[in-house]
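Engineer: For reference, the file coords.txt (compact mmCIF, C-alpha atoms) is included below:
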```txt
# COMPACT_ATOMS: atom_id res chain seq x y z
CA MET T 79 -150.65 90.59 -11.95
CA LYS T 80 -153.87 88.62 -11.58
CA SER T 81 -155.78 91.87 -11.14
CA ILE T 82 -154.26 93.40 -14.28
CA LYS T 83 -155.04 90.31 -16.35
CA LEU T 84 -158.60 90.30 -15.06
CA VAL T 85 -159.11 93.96 -16.00
CA ILE T 86 -157.67 93.38 -19.48
CA ALA T 87 -159.91 90.37 -19.97
CA LEU T 88 -162.96 92.33 -18.87
CA LEU T 89 -162.09 95.22 -21.18
CA LEU T 90 -161.64 92.88 -24.12
CA PHE T 91 -164.95 91.23 -23.32
CA ALA T 92 -166.68 94.60 -23.07
CA SER T 93 -165.14 95.63 -26.39
CA ALA T 94 -166.44 92.47 -27.99
CA LEU T 95 -169.90 93.21 -26.66
CA THR T 96 -169.65 96.75 -28.01
CA ALA T 97 -168.80 95.43 -31.46
CA LYS T 98 -171.84 93.15 -31.42
CA ALA T 99 -174.18 95.64 -29.77
CA ALA T 100 -176.90 97.43 -31.66
CA PRO T 101 -175.19 100.43 -33.30
CA LEU T 102 -178.19 102.70 -33.87
CA LEU T 103 -179.22 105.30 -31.31
CA ASN T 104 -183.01 105.22 -31.23
CA GLY T 105 -183.57 107.98 -28.67
CA LEU T 106 -182.24 110.04 -25.77
CA ALA T 107 -184.13 111.19 -22.67
CA LEU T 108 -183.05 113.55 -19.92
CA GLU T 109 -183.94 112.71 -16.32
CA GLN T 110 -184.47 115.69 -14.03
CA GLN T 111 -185.22 115.71 -10.32
CA PHE T 112 -185.84 118.75 -8.13
CA ASN T 113 -185.20 120.93 -11.18
CA LYS T 114 -181.70 119.50 -11.65
CA ASP T 115 -180.31 117.40 -14.48
CA ARG T 116 -179.43 113.95 -13.14
CA TYR T 117 -178.60 111.67 -16.09
CA ILE T 118 -179.28 110.96 -19.77
CA VAL T 119 -180.70 107.65 -20.97
CA GLY T 120 -180.00 106.27 -24.44
CA VAL T 121 -181.73 103.33 -26.09
CA TYR T 122 -180.00 101.56 -29.00
CA SER T 123 -181.56 99.13 -31.41
CA GLU T 124 -180.71 97.33 -34.62
CA GLN T 125 -183.85 98.87 -36.11
CA LEU T 126 -184.91 102.47 -35.54
CA SER T 127 -188.54 102.75 -34.49
CA ASP T 128 -191.11 104.95 -32.77
CA SER T 129 -192.92 101.86 -31.47
CA ALA T 130 -192.30 100.33 -28.06
CA SER T 131 -193.31 96.89 -29.35
CA THR T 132 -190.51 97.02 -31.94
CA LEU T 133 -187.92 97.91 -29.32
CA LEU T 134 -189.18 95.01 -27.20
CA ASP T 135 -188.38 92.50 -29.96
CA SER T 136 -186.11 89.90 -28.33
CA ASN T 137 -184.77 88.73 -31.69
CA MET T 138 -182.47 91.70 -32.23
CA PRO T 139 -179.52 93.13 -30.26
CA ARG T 140 -180.31 96.16 -28.13
CA SER T 141 -178.67 98.31 -25.53
CA MET T 142 -179.65 100.72 -22.77
CA GLN T 143 -177.09 103.25 -21.62
CA VAL T 144 -177.17 105.73 -18.76
CA ARG T 145 -174.65 108.57 -18.56
CA ILE T 146 -174.49 110.47 -15.30
CA ILE T 147 -174.66 114.27 -15.22
CA ALA T 148 -175.00 114.83 -11.46
CA ASP T 149 -171.87 115.23 -9.34
CA ARG T 150 -172.94 112.14 -7.46
CA LEU T 151 -175.99 109.91 -7.48
CA SER T 152 -176.92 107.26 -4.96
CA ALA T 153 -176.72 103.93 -6.79
CA ARG T 154 -179.26 102.51 -4.37
CA ARG T 155 -181.77 105.28 -5.09
CA PHE T 156 -181.22 104.96 -8.84
CA ARG T 157 -181.81 101.23 -8.59
CA ASN T 158 -184.95 101.60 -6.49
CA GLN T 159 -186.51 104.16 -8.84
CA TRP T 160 -185.87 101.88 -11.79
CA MET T 161 -187.43 98.97 -9.93
CA GLU T 162 -190.53 101.07 -9.23
CA GLY T 163 -190.93 101.58 -12.96
CA ILE T 164 -190.45 97.87 -13.51
CA ALA T 165 -193.20 97.10 -10.99
CA ILE T 166 -195.87 99.19 -12.70
CA ASN T 167 -195.00 98.35 -16.32
CA ASN T 168 -194.79 94.57 -16.17
CA ALA T 169 -197.47 91.92 -15.70
CA GLY T 170 -197.65 90.08 -12.38
CA ASP T 171 -196.39 86.78 -13.75
CA THR T 172 -193.37 88.56 -15.23
CA LEU T 173 -192.52 90.11 -11.86
CA ALA T 174 -192.79 86.72 -10.17
CA ASN T 175 -190.67 84.97 -12.80
CA GLN T 176 -187.99 87.65 -12.72
CA ALA T 177 -187.78 88.06 -8.93
CA ASP T 178 -184.53 86.08 -8.56
CA ASN T 179 -182.96 87.93 -11.50
CA MET T 180 -183.98 91.24 -9.92
CA VAL T 181 -182.03 90.31 -6.79
CA THR T 182 -178.94 89.68 -8.90
CA PHE T 183 -179.44 92.95 -10.77
CA ALA T 184 -180.10 95.01 -7.63
CA ASN T 185 -176.96 93.72 -5.91
CA LEU T 186 -174.78 94.99 -8.78
CA PHE T 187 -175.36 98.58 -7.65
CA LYS T 188 -173.07 99.74 -4.87
CA GLY T 189 -171.98 103.11 -3.54
CA ARG T 190 -172.47 106.14 -5.76
CA LEU T 191 -172.52 106.93 -9.43
CA MET T 192 -170.41 109.93 -10.42
CA THR T 193 -170.36 112.49 -13.20
CA GLY T 194 -169.36 110.87 -16.50
CA ASP T 195 -170.11 107.30 -15.41
CA HIS T 196 -171.42 105.03 -18.17
CA LEU T 197 -173.86 102.36 -17.07
CA ARG T 198 -174.52 99.97 -19.94
CA ILE T 199 -176.99 97.10 -20.28
CA ASP T 200 -176.55 95.02 -23.45
CA TYR T 201 -178.75 92.25 -24.81
CA ALA T 202 -177.40 89.44 -27.02
CA PRO T 203 -180.24 87.71 -28.91
CA ASP T 204 -178.17 84.65 -29.82
CA THR T 205 -177.75 83.66 -26.15
CA GLY T 206 -180.57 85.66 -24.53
CA THR T 207 -178.00 87.12 -22.11
CA THR T 208 -178.18 90.58 -20.56
CA SER T 209 -174.80 91.98 -19.51
CA VAL T 210 -174.31 94.93 -17.17
CA SER T 211 -171.16 97.03 -17.17
CA LEU T 212 -170.00 100.28 -15.60
CA ASN T 213 -167.35 102.29 -17.43
CA ASP T 214 -166.63 99.20 -19.57
CA ILE T 215 -165.98 97.07 -16.49
CA MET T 216 -168.25 94.04 -16.42
CA LEU T 217 -170.44 93.90 -13.30
CA GLY T 218 -172.52 90.83 -14.08
CA MET T 219 -174.58 88.84 -16.55
CA ILE T 220 -178.13 87.49 -16.40
CA GLU T 221 -179.05 84.61 -18.67
CA ASP T 222 -182.76 85.05 -19.25
CA ARG T 223 -184.32 86.09 -22.56
CA GLU T 224 -187.08 88.10 -20.85
CA PHE T 225 -184.96 90.09 -18.42
CA PHE T 226 -183.84 92.89 -20.76
CA ASN T 227 -187.45 93.64 -21.72
CA THR T 228 -188.43 93.65 -18.05
CA LEU T 229 -185.97 96.51 -17.53
CA LEU T 230 -186.81 98.37 -20.75
CA ARG T 231 -190.56 98.47 -20.07
CA ALA T 232 -189.88 100.76 -17.11
CA TRP T 233 -188.98 103.48 -19.64
CA VAL T 234 -191.15 102.73 -22.68
CA GLY T 235 -194.13 100.96 -21.06
CA PRO T 236 -197.61 102.37 -20.34
CA VAL T 237 -196.46 104.30 -17.24
CA PRO T 238 -193.00 105.80 -17.95
CA PRO T 239 -191.32 108.46 -15.78
CA SER T 240 -193.13 110.96 -18.04
CA THR T 241 -194.71 110.86 -21.48
CA GLU T 242 -191.97 113.18 -22.77
CA PHE T 243 -189.29 110.84 -21.42
CA ARG T 244 -190.91 107.90 -23.20
CA ASP T 245 -191.49 109.79 -26.45
CA ASN T 246 -187.88 110.95 -26.57
CA LEU T 247 -186.68 107.34 -26.32
CA LEU T 248 -189.10 106.36 -29.10
CA ALA T 249 -187.67 109.00 -31.43
CA ALA T 250 -186.57 106.59 -34.22
CA GLY T 251 -183.16 108.27 -34.31
CA GLN T 252 -184.45 111.86 -34.36
CA VAL T 253 -182.60 113.03 -31.25
CA ASP T 254 -181.99 116.58 -30.09
CA SER T 255 -178.53 117.71 -31.23
CA GLY T 256 -177.81 119.65 -28.04
CA LEU T 257 -178.71 116.74 -25.81
CA LEU T 258 -176.65 114.40 -27.99
CA ALA T 259 -173.61 116.66 -27.66
CA THR T 260 -173.96 116.63 -23.87
CA TYR T 261 -174.44 112.85 -23.87
CA GLU T 262 -171.31 112.21 -25.95
CA ALA T 263 -169.24 114.60 -23.86
CA LEU T 264 -169.94 112.68 -20.64
CA GLN T 265 -166.92 110.43 -20.18
CA PRO T 266 -165.36 108.82 -17.08
CA GLY T 267 -161.82 109.75 -16.18
CA ALA T 268 -159.01 107.21 -16.03
CA ASP T 269 -158.95 107.38 -12.23
CA ARG T 270 -162.66 106.60 -12.05
CA VAL T 271 -162.26 103.60 -14.39
CA ALA T 272 -159.42 102.33 -12.21
CA GLN T 273 -161.55 102.82 -9.11
CA ILE T 274 -164.38 100.70 -10.56
CA ALA T 275 -161.92 98.00 -11.64
CA ALA T 276 -160.43 97.89 -8.13
CA MET T 277 -163.91 97.69 -6.60
CA VAL T 278 -164.81 94.73 -8.82
CA ASP T 279 -161.51 93.01 -7.93
CA GLU T 280 -162.16 93.52 -4.22
CA GLN T 281 -165.71 92.17 -4.44
CA GLU T 282 -164.58 89.09 -6.35
CA ALA T 283 -161.77 88.46 -3.85
CA GLU T 284 -164.24 88.69 -0.97
CA GLN T 285 -166.59 86.26 -2.68
CA GLU T 286 -163.76 83.80 -3.30
CA ALA T 287 -162.61 84.03 0.32
CA VAL T 288 -166.11 83.39 1.61
CA ALA T 289 -166.54 80.45 -0.73
CA GLU T 290 -163.26 78.88 0.47
CA THR T 291 -163.85 79.30 4.22
CA LYS T 292 -167.58 78.72 4.46
CA PRO T 293 -168.40 75.07 5.27
CA GLU T 294 -171.04 73.49 3.12
CA PRO T 295 -174.25 73.40 5.17
CA ALA T 296 -176.32 70.29 5.48
CA LYS T 297 -179.11 70.27 2.98
CA PRO T 298 -182.40 70.90 4.79
CA ALA T 299 -185.55 69.13 3.84
CA GLN T 300 -187.05 70.87 0.85
CA VAL T 301 -190.14 72.80 1.74
CA ALA T 302 -192.14 74.56 -0.90
CA THR T 303 -192.30 78.27 -0.12
CA ALA T 304 -195.07 80.25 -1.69
CA LYS T 305 -194.22 83.63 -3.11
CA PRO T 306 -196.51 86.56 -2.28
CA LYS T 307 -199.75 86.07 -4.13
CA LEU T 308 -200.38 88.38 -7.04
CA THR T 309 -204.10 89.05 -6.92
CA ALA T 310 -205.95 90.07 -10.04
CA ASP T 311 -207.14 93.37 -8.56
CA ILE T 312 -203.71 95.06 -8.68
CA PRO T 313 -202.60 95.01 -12.30
CA PRO T 314 -200.22 97.77 -13.41
CA PRO T 315 -202.16 100.98 -14.11
CA THR T 316 -202.08 102.50 -17.59
CA LEU T 317 -201.84 106.09 -18.71
CA ALA T 318 -205.01 105.61 -20.70
CA ALA T 319 -206.84 104.62 -17.53
CA ILE T 320 -205.51 107.65 -15.68
CA GLY T 321 -206.57 110.06 -18.38
CA ALA T 322 -210.06 108.59 -18.79
CA ALA T 323 -210.78 108.57 -15.08
CA ALA T 324 -209.60 112.12 -14.62
CA ILE T 325 -211.49 113.74 -17.49
CA GLN T 326 -215.02 112.53 -17.28
CA LYS T 327 -217.32 111.05 -14.66
CA PRO T 328 -218.75 108.54 -14.93
CA ALA T 329 -215.93 107.36 -17.17
CA ALA T 330 -216.19 104.52 -19.59
CA SER T 331 -214.55 101.52 -18.04
CA VAL T 332 -211.01 101.00 -19.25
CA GLU T 333 -209.99 97.41 -19.58
CA GLU T 334 -206.91 96.72 -17.48
CA PRO T 335 -204.35 94.19 -18.73
CA ALA T 336 -204.64 90.79 -17.10
CA GLN T 337 -201.89 89.84 -14.74
CA ASP T 338 -200.95 86.82 -16.77
CA GLN T 339 -200.84 88.73 -20.05
CA PRO T 340 -197.34 89.69 -21.25
CA ALA T 341 -196.86 93.43 -21.24
CA SER T 342 -195.56 93.37 -24.80
CA ALA T 343 -198.98 92.18 -25.94
CA ARG T 344 -200.85 95.09 -24.38
CA ALA T 345 -202.31 97.81 -26.55
CA GLU T 346 -199.97 100.78 -26.57
CA PRO T 347 -201.63 104.08 -25.61
CA LYS T 348 -201.45 106.62 -28.43
CA PRO T 349 -199.19 109.58 -27.68
CA ALA T 350 -201.12 112.73 -26.91
CA VAL T 351 -200.99 115.72 -29.25
CA ALA T 352 -200.69 118.85 -27.13
CA ALA T 353 -202.15 122.18 -28.13
CA THR T 354 -198.66 123.58 -28.48
CA THR T 355 -195.64 121.83 -29.89
CA PRO T 356 -193.54 120.53 -26.97
CA SER T 357 -189.80 121.04 -26.86
CA THR T 358 -187.65 118.13 -27.94
CA GLN T 359 -186.09 117.75 -24.51
CA PRO T 360 -186.93 118.75 -20.94
CA LYS T 361 -185.76 122.16 -19.81
CA PRO T 362 -185.33 123.41 -16.25
CA LEU T 363 -188.69 124.62 -15.02
CA LYS T 364 -189.46 127.73 -13.06
CA PRO T 365 -190.68 126.90 -9.55
CA THR T 366 -194.37 127.52 -8.95
CA THR T 367 -196.06 128.66 -5.78
CA THR T 368 -197.61 125.22 -5.39
CA ARG T 369 -194.31 123.45 -5.18
CA PRO T 370 -193.06 122.64 -1.66
CA ALA T 371 -189.49 123.22 -0.70
CA SER T 372 -187.35 120.34 -1.91
CA PRO T 373 -185.31 118.48 0.70
CA PRO T 374 -181.54 118.91 0.39
CA LEU T 375 -180.50 116.29 -2.14
CA ASP T 376 -177.07 115.68 -0.65
CA GLU T 377 -178.55 114.90 2.76
CA GLU T 378 -181.03 112.46 1.23
CA GLU T 379 -178.26 110.71 -0.67
CA GLU T 380 -176.29 110.34 2.55
CA LEU T 381 -179.27 108.57 4.08
CA GLU T 382 -179.58 106.34 1.00
CA GLU T 383 -176.05 105.07 1.61
CA GLU T 384 -177.04 103.48 4.91
CA ASP T 385 -176.96 99.71 5.01
CA GLU T 386 -180.21 97.92 4.22
CA ALA T 387 -181.41 94.43 4.88
CA PRO T 388 -180.21 91.87 2.32
CA LEU T 389 -182.54 91.73 -0.66
CA THR T 390 -184.41 88.53 -1.39
CA ALA T 391 -186.69 87.55 -4.25
CA ASP T 392 -189.71 87.56 -1.94
CA MET T 393 -188.77 90.96 -0.55
CA ILE T 394 -188.44 92.51 -4.02
CA LEU T 395 -191.69 90.94 -5.19
CA ALA T 396 -193.53 92.17 -2.09
CA ARG T 397 -192.25 95.71 -2.67
CA GLN T 398 -193.28 95.64 -6.31
CA ILE T 399 -196.79 94.47 -5.45
CA TYR T 400 -197.12 97.09 -2.71
CA HIS T 401 -195.86 99.86 -5.00
CA SER T 402 -198.46 98.95 -7.62
CA MET T 403 -201.17 99.09 -4.95
CA LEU T 404 -200.03 102.55 -3.81
CA LEU T 405 -200.11 103.96 -7.32
CA ARG T 406 -203.54 102.57 -8.09
CA HIS T 407 -204.78 104.02 -4.81
CA THR T 408 -203.40 107.44 -5.79
CA PHE T 409 -204.81 107.36 -9.31
CA LYS T 410 -208.36 106.97 -7.94
CA HIS T 411 -208.11 110.46 -6.45
CA ILE T 412 -206.79 112.39 -9.47
CA ARG T 413 -209.08 115.03 -10.97
CA TYR T 414 -208.28 116.86 -14.18
CA PRO T 415 -208.71 120.60 -13.41
CA LYS T 416 -211.63 121.93 -15.47
CA ARG T 417 -209.87 125.13 -16.48
CA ALA T 418 -206.80 123.15 -17.61
CA GLN T 419 -209.07 121.02 -19.80
CA GLU T 420 -210.70 124.10 -21.31
CA ARG T 421 -207.29 125.57 -22.11
CA GLY T 422 -205.92 122.34 -23.54
CA GLN T 423 -203.22 122.12 -20.88
CA GLU T 424 -201.41 118.79 -20.58
CA GLY T 425 -198.30 117.67 -18.73
CA SER T 426 -196.57 115.20 -16.46
CA VAL T 427 -195.84 115.56 -12.75
CA ARG T 428 -193.74 113.22 -10.62
CA LEU T 429 -193.94 113.28 -6.83
CA ASN T 430 -191.90 111.72 -4.06
CA VAL T 431 -194.19 110.50 -1.27
CA THR T 432 -193.23 109.22 2.17
CA ILE T 433 -195.71 107.35 4.37
CA ASP T 434 -195.42 105.77 7.79
CA SER T 435 -196.14 102.12 8.54
CA ASN T 436 -199.86 102.91 8.94
CA GLY T 437 -200.06 104.61 5.53
CA ASN T 438 -200.20 108.20 6.82
CA VAL T 439 -198.51 110.70 4.51
CA THR T 440 -195.54 112.30 6.26
CA ASN T 441 -193.89 114.13 3.36
CA VAL T 442 -194.53 115.02 -0.28
CA SER T 443 -192.01 116.68 -2.60
CA THR T 444 -192.01 117.34 -6.33
CA LEU T 445 -189.39 115.48 -8.34
CA GLN T 446 -190.57 116.86 -11.67
CA GLU T 447 -193.33 119.32 -12.45
CA SER T 448 -195.31 120.37 -15.51
CA ARG T 449 -195.40 123.85 -17.02
CA TYR T 450 -198.81 124.53 -15.49
CA SER T 451 -199.33 125.41 -11.83
CA SER T 452 -202.90 124.03 -11.82
CA LEU T 453 -201.66 120.56 -12.83
CA ASN T 454 -198.83 120.68 -10.29
CA ARG T 455 -201.25 121.71 -7.55
CA GLU T 456 -203.75 118.98 -8.45
CA ALA T 457 -201.05 116.30 -8.28
CA LEU T 458 -200.18 117.38 -4.72
CA GLU T 459 -203.82 117.57 -3.71
CA ALA T 460 -204.49 114.10 -5.14
CA VAL T 461 -201.91 112.65 -2.76
CA GLU T 462 -203.49 114.53 0.15
CA ARG T 463 -206.92 113.16 -0.75
CA ALA T 464 -205.49 109.65 -1.13
CA GLY T 465 -204.19 109.50 2.44
CA PRO T 466 -204.16 107.39 4.43
CA TYR T 467 -202.67 104.78 2.10
CA PRO T 468 -202.76 100.99 2.62
CA ALA T 469 -200.51 100.09 5.55
CA THR T 470 -197.00 98.84 4.90
CA PRO T 471 -196.93 95.02 4.57
CA ALA T 472 -195.48 93.34 7.64
CA GLN T 473 -192.91 91.40 5.61
CA LEU T 474 -191.24 94.64 4.50
CA LYS T 475 -190.46 95.55 8.12
CA MET T 476 -190.25 99.27 7.39
CA GLU T 477 -191.20 102.14 9.68
CA GLU T 478 -191.59 104.42 6.66
CA TYR T 479 -191.89 103.83 2.95
CA ARG T 480 -190.90 106.20 0.16
CA PHE T 481 -192.23 105.89 -3.37
CA SER T 482 -192.54 108.03 -6.50
CA VAL T 483 -195.81 108.76 -8.27
CA PRO T 484 -195.82 109.59 -12.00
CA ILE T 485 -199.01 111.45 -12.98
CA THR T 486 -199.83 112.36 -16.57
CA PHE T 487 -202.59 114.80 -17.44
CA ARG T 488 -203.57 114.07 -21.02
CA LEU T 489 -206.65 115.05 -22.98
CA PRO T 490 -208.31 112.53 -25.31
CA ASP T 491 -207.60 112.76 -29.03
```
Produce structure tokens that represent the structure in this file.
Structural biologist:
Amino acid sequence: MKSIKLVIALLLFASALTAKAAPLLNGLALEQQFNKDRYIVGVYSEQLSDSASTLLDSNMPRSMQVRIIADRLSARRFRNQWMEGIAINNAGDTLANQADNMVTFANLFKGRLMTGDHLRIDYAPDTGTTSVSLNDIMLGMIEDREFFNTLLRAWVGPVPPSTEFRDNLLAAGQVDSGLLATYEALQPGADRVAQIAAMVDEQEAEQEAVAETKPEPAKPAQVATAKPKLTADIPPPTLAAIGAAAIQKPAASVEEPAQDQPASARAEPKPAVAATTPSTQPKPLKPTTTRPASPPLDEEEELEEEDEAPLTADMILARQIYHSMLLRHTFKHIRYPKRAQERGQEGSVRLNVTIDSNGNVTNVSTLQESRYSSLNREALEAVERAGPYPATPAQLKMEEYRFSVPITFRLPD
């Protein structure tokens, strides 16, 4: 009976949030990996806009929704990829201030996401609270006015998964009808909703049992612990910086945002105008001869399900700093192919890179490729030239480290 009442209360609460949530769909973006559709992201806002700064306005209700297309998707991998985007699109002081909240957020993701699952993140401006629910079952709440924007910048910030992904979210309501139909058709079944409700009940029961049986420890003497230092030489890279460095040498110096400057105050890079009109949504791409064989996705997801060390604020912050360093190291080695420049060819490539503890590259695979083989080949060669990478920090205690690299080839206006 207690479980039923709890589920009803959570559903009512989720319904109330839905009623208050921003009703306008600003944009939809399709995420593809290894040439397969994985999920669709929707961003909702009280005011439709094609500007990231407008969507980052903390004075209006907003919502981010993810609807799963794949048969199954490792929740841990999904979480880690999102956190990579957070690391490179937020200023250093923001990452430090949000480290504890990121631990709370990361621990909400367990097991696997399945076809039709609805992950929803809602922001209430009156309280500054971000709520996270899965299939209308509340997973948790974070009371911090800056947290929602920290998440959203991963998708609409200077270094999104791809420029097309970002532009589709900044569509000011002009969404592709076919993608919208697919998005609306993705619904969880009743059994799946019941499964999530039971999982939440079980987790809460475990937490209550631990709280009742665990003796209160003696309070140790308070010792100030310093978080990993965010040095000024590893600010998040910008797409503008990538493009300028790749096109001309010597390039005019591009001013990087200061670590203590809020990301919302940064100048937004202007969207590139390609020589040909791009499609309104990503389409499956034909493999090119430069693309390596992709590892079996199911096997990788099995590995992602293995237990990991408990996440801490310092651990998350150290990973975010290290990830930013790895990307900046890669970007130094990108060259815009001359023939691609002459032909006006632009595009985005996203790679999955694995390195050992000494920074040696052990594997590279293509998560998402552009339409042009020369750009795809250059992205792979840039990673080869970048090796070896900076060694894995000792505090991460990892024999190998996997990270994704978004690379955008964009010609100046």
Engineer: Quick one, how far is atom CA of T:Ala263 from atom CA of T:Leu106?
Structural biologist: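 Between atom CA of T:Ala263 and atom CA of T:Leu106 the gap works out to 13.9 Å.
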Engineer: Find the residues near stretch 227-234 of chain T: any atom within 10 Å, counting all atoms listed in the file, skip ones fewer than 5 places away on the same chain, and give them as a PDB file with C-alpha atoms, in the coordinates of the input.
Structural biologist:
```pdb
ATOM      1  CA  ALA T 107    -184.130 111.190 -22.670  1.00  0.00           C
ATOM      2  CA  VAL T 119    -180.700 107.650 -20.970  1.00  0.00           C
ATOM      3  CA  VAL T 121    -181.730 103.330 -26.090  1.00  0.00           C
ATOM      4  CA  SER T 129    -192.920 101.860 -31.470  1.00  0.00           C
ATOM      5  CA  ALA T 130    -192.300 100.330 -28.060  1.00  0.00           C
ATOM      6  CA  SER T 131    -193.310  96.890 -29.350  1.00  0.00           C
ATOM      7  CA  LEU T 133    -187.920  97.910 -29.320  1.00  0.00           C
ATOM      8  CA  LEU T 134    -189.180  95.010 -27.200  1.00  0.00           C
ATOM      9  CA  ASP T 135    -188.380  92.500 -29.960  1.00  0.00           C
ATOM     10  CA  SER T 136    -186.110  89.900 -28.330  1.00  0.00           C
ATOM     11  CA  ARG T 140    -180.310  96.160 -28.130  1.00  0.00           C
ATOM     12  CA  SER T 141    -178.670  98.310 -25.530  1.00  0.00           C
ATOM     13  CA  MET T 142    -179.650 100.720 -22.770  1.00  0.00           C
ATOM     14  CA  GLN T 159    -186.510 104.160  -8.840  1.00  0.00           C
ATOM     15  CA  TRP T 160    -185.870 101.880 -11.790  1.00  0.00           C
ATOM     16  CA  MET T 161    -187.430  98.970  -9.930  1.00  0.00           C
ATOM     17  CA  GLU T 162    -190.530 101.070  -9.230  1.00  0.00           C
ATOM     18  CA  GLY T 163    -190.930 101.580 -12.960  1.00  0.00           C
ATOM     19  CA  ILE T 164    -190.450  97.870 -13.510  1.00  0.00           C
ATOM     20  CA  ALA T 165    -193.200  97.100 -10.990  1.00  0.00           C
ATOM     21  CA  ILE T 166    -195.870  99.190 -12.700  1.00  0.00           C
ATOM     22  CA  ASN T 167    -195.000  98.350 -16.320  1.00  0.00           C
ATOM     23  CA  ASN T 168    -194.790  94.570 -16.170  1.00  0.00           C
ATOM     24  CA  ALA T 169    -197.470  91.920 -15.700  1.00  0.00           C
ATOM     25  CA  THR T 172    -193.370  88.560 -15.230  1.00  0.00           C
ATOM     26  CA  LEU T 173    -192.520  90.110 -11.860  1.00  0.00           C
ATOM     27  CA  GLN T 176    -187.990  87.650 -12.720  1.00  0.00           C
ATOM     28  CA  MET T 180    -183.980  91.240  -9.920  1.00  0.00           C
ATOM     29  CA  ILE T 199    -176.990  97.100 -20.280  1.00  0.00           C
ATOM     30  CA  TYR T 201    -178.750  92.250 -24.810  1.00  0.00           C
ATOM     31  CA  THR T 208    -178.180  90.580 -20.560  1.00  0.00           C
ATOM     32  CA  PRO T 239    -191.320 108.460 -15.780  1.00  0.00           C
ATOM     33  CA  SER T 240    -193.130 110.960 -18.040  1.00  0.00           C
ATOM     34  CA  THR T 241    -194.710 110.860 -21.480  1.00  0.00           C
ATOM     35  CA  PHE T 243    -189.290 110.840 -21.420  1.00  0.00           C
ATOM     36  CA  ARG T 244    -190.910 107.900 -23.200  1.00  0.00           C
ATOM     37  CA  ASP T 245    -191.490 109.790 -26.450  1.00  0.00           C
ATOM     38  CA  ASN T 246    -187.880 110.950 -26.570  1.00  0.00           C
ATOM     39  CA  LEU T 247    -186.680 107.340 -26.320  1.00  0.00           C
ATOM     40  CA  LEU T 248    -189.100 106.360 -29.100  1.00  0.00           C
ATOM     41  CA  ALA T 341    -196.860  93.430 -21.240  1.00  0.00           C
ATOM     42  CA  SER T 342    -195.560  93.370 -24.800  1.00  0.00           C
ATOM     43  CA  GLU T 346    -199.970 100.780 -26.570  1.00  0.00           C
TER      44      GLU T 346
END
```
Engineer: Which polymer residues have any atom within 7 Å of an atom of T:Ala275, counting only C-alpha atoms, with same-chain residues fewer than 3 positions away left out, as a ChimeraX atom specification?
Structural biologist: /T:85,215,271-272,278-279
Engineer: I'd like the contact shell of stretch 192-197 of chain T - 6 Å cut-off, all atoms listed in the file, skipping same-chain residues fewer than 5 positions apart - returned as a list in words.
Structural biologist: Gln143, Val144, Arg145, Ile146, Ile147, Ala148, Asp149, Arg150, Ser211, Leu212, Asn213, Leu264, Gln265 and Pro266 of chain T
Engineer: Take atom CA of T:Pro466 and atom CA of T:Arg397 and report the distance between them in Å, one decimal.
Structural biologist: 18.1 Å
Engineer: Using only C-alpha atoms, give me every residue within 12 Å of (-194.6, 90.8, -1.5) in file coordinates, as an MDAnalysis selection string.
Structural biologist: chainID T and resid 165 170 173:174 177 304:309 390:403 470:475
Engineer: In Å, rounded to a single decimal, give me how far atom CA of T:Val431 is from atom CA of T:Gln446.
Structural biologist: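 Going from atom CA of T:Gln446 over to atom CA of T:Val431 covers 12.7 Å.
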Engineer: Kindly extract all protein, DNA and RNA residues lying within 12 Å of the coordinates (-181.6, 112.9, -34.1) given in the file, considering all atoms listed in the file, and supply them as a PyMOL selection string.
Structural biologist: chain T and resi 102-107+120+126+246-259+358-359
Engineer: I'd like to know which of T:Thr205, T:Asn438, T:Ser426, T:Asn179 is closest to T:Ala464, using all atoms listed in the file.
Structural biologist: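 Using all atoms listed in the file, T:Ala464 sits closest to T:Asn438.
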Engineer: With distances taken over all atoms listed in the file, which residue among T:Arg198, T:Arg449, T:Arg155, T:Arg406 lies nearest T:Pro468?
Structural biologist: T:Arg406
Engineer: Which of these, T:Pro238, T:Thr182, T:Leu489, T:Lys188, has the shortest distance to T:Ile220 once you count only C-alpha atoms?
Structural biologist: T:Thr182
Engineer: With all atoms listed in the file as the basis for distance, which of T:Leu108, T:Met219, T:Ala202, T:Ala418 is at the shortest distance from T:Arg488?
Structural biologist: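 The shortest atom-to-atom distance to T:Arg488 comes from T:Ala418.
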Engineer: For each of T:Thr260, T:Gly437, T:Gly425, T:Glu286, take the minimum atom-to-atom distance to T:Ile118, counting all atoms listed in the file, then give the residue where this is smallest.
Structural biologist: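 Going through T:Thr260, T:Gly437, T:Gly425, T:Glu286 one by one, the smallest distance to T:Ile118 is for T:Thr260.
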Engineer: Would you save stretch 220-231 of chain T to a file, keeping C-alpha atoms, as a short mmCIF file (atom, residue, chain, number, x, y, z; two decimals), in the first residue's frame?
Structural biologist:
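Contents of the output file decode_0.cif:
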```cif
data_model
loop_
_atom_site.label_atom_id
_atom_site.label_comp_id
_atom_site.auth_asym_id
_atom_site.auth_seq_id
_atom_site.Cartn_x
_atom_site.Cartn_y
_atom_site.Cartn_z
CA ILE T 220 18.57 19.67 -7.25
CA GLU T 221 18.01 23.05 -5.65
CA ASP T 222 20.48 25.31 -7.40
CA ARG T 223 19.54 28.07 -9.83
CA GLU T 224 22.64 27.50 -11.98
CA PHE T 225 22.43 23.73 -12.35
CA PHE T 226 19.93 23.56 -15.24
CA ASN T 227 22.07 25.90 -17.35
CA THR T 228 25.15 23.83 -16.54
CA LEU T 229 23.42 20.86 -18.17
CA LEU T 230 21.93 22.79 -21.09
CA ARG T 231 25.25 24.34 -22.15
#
```
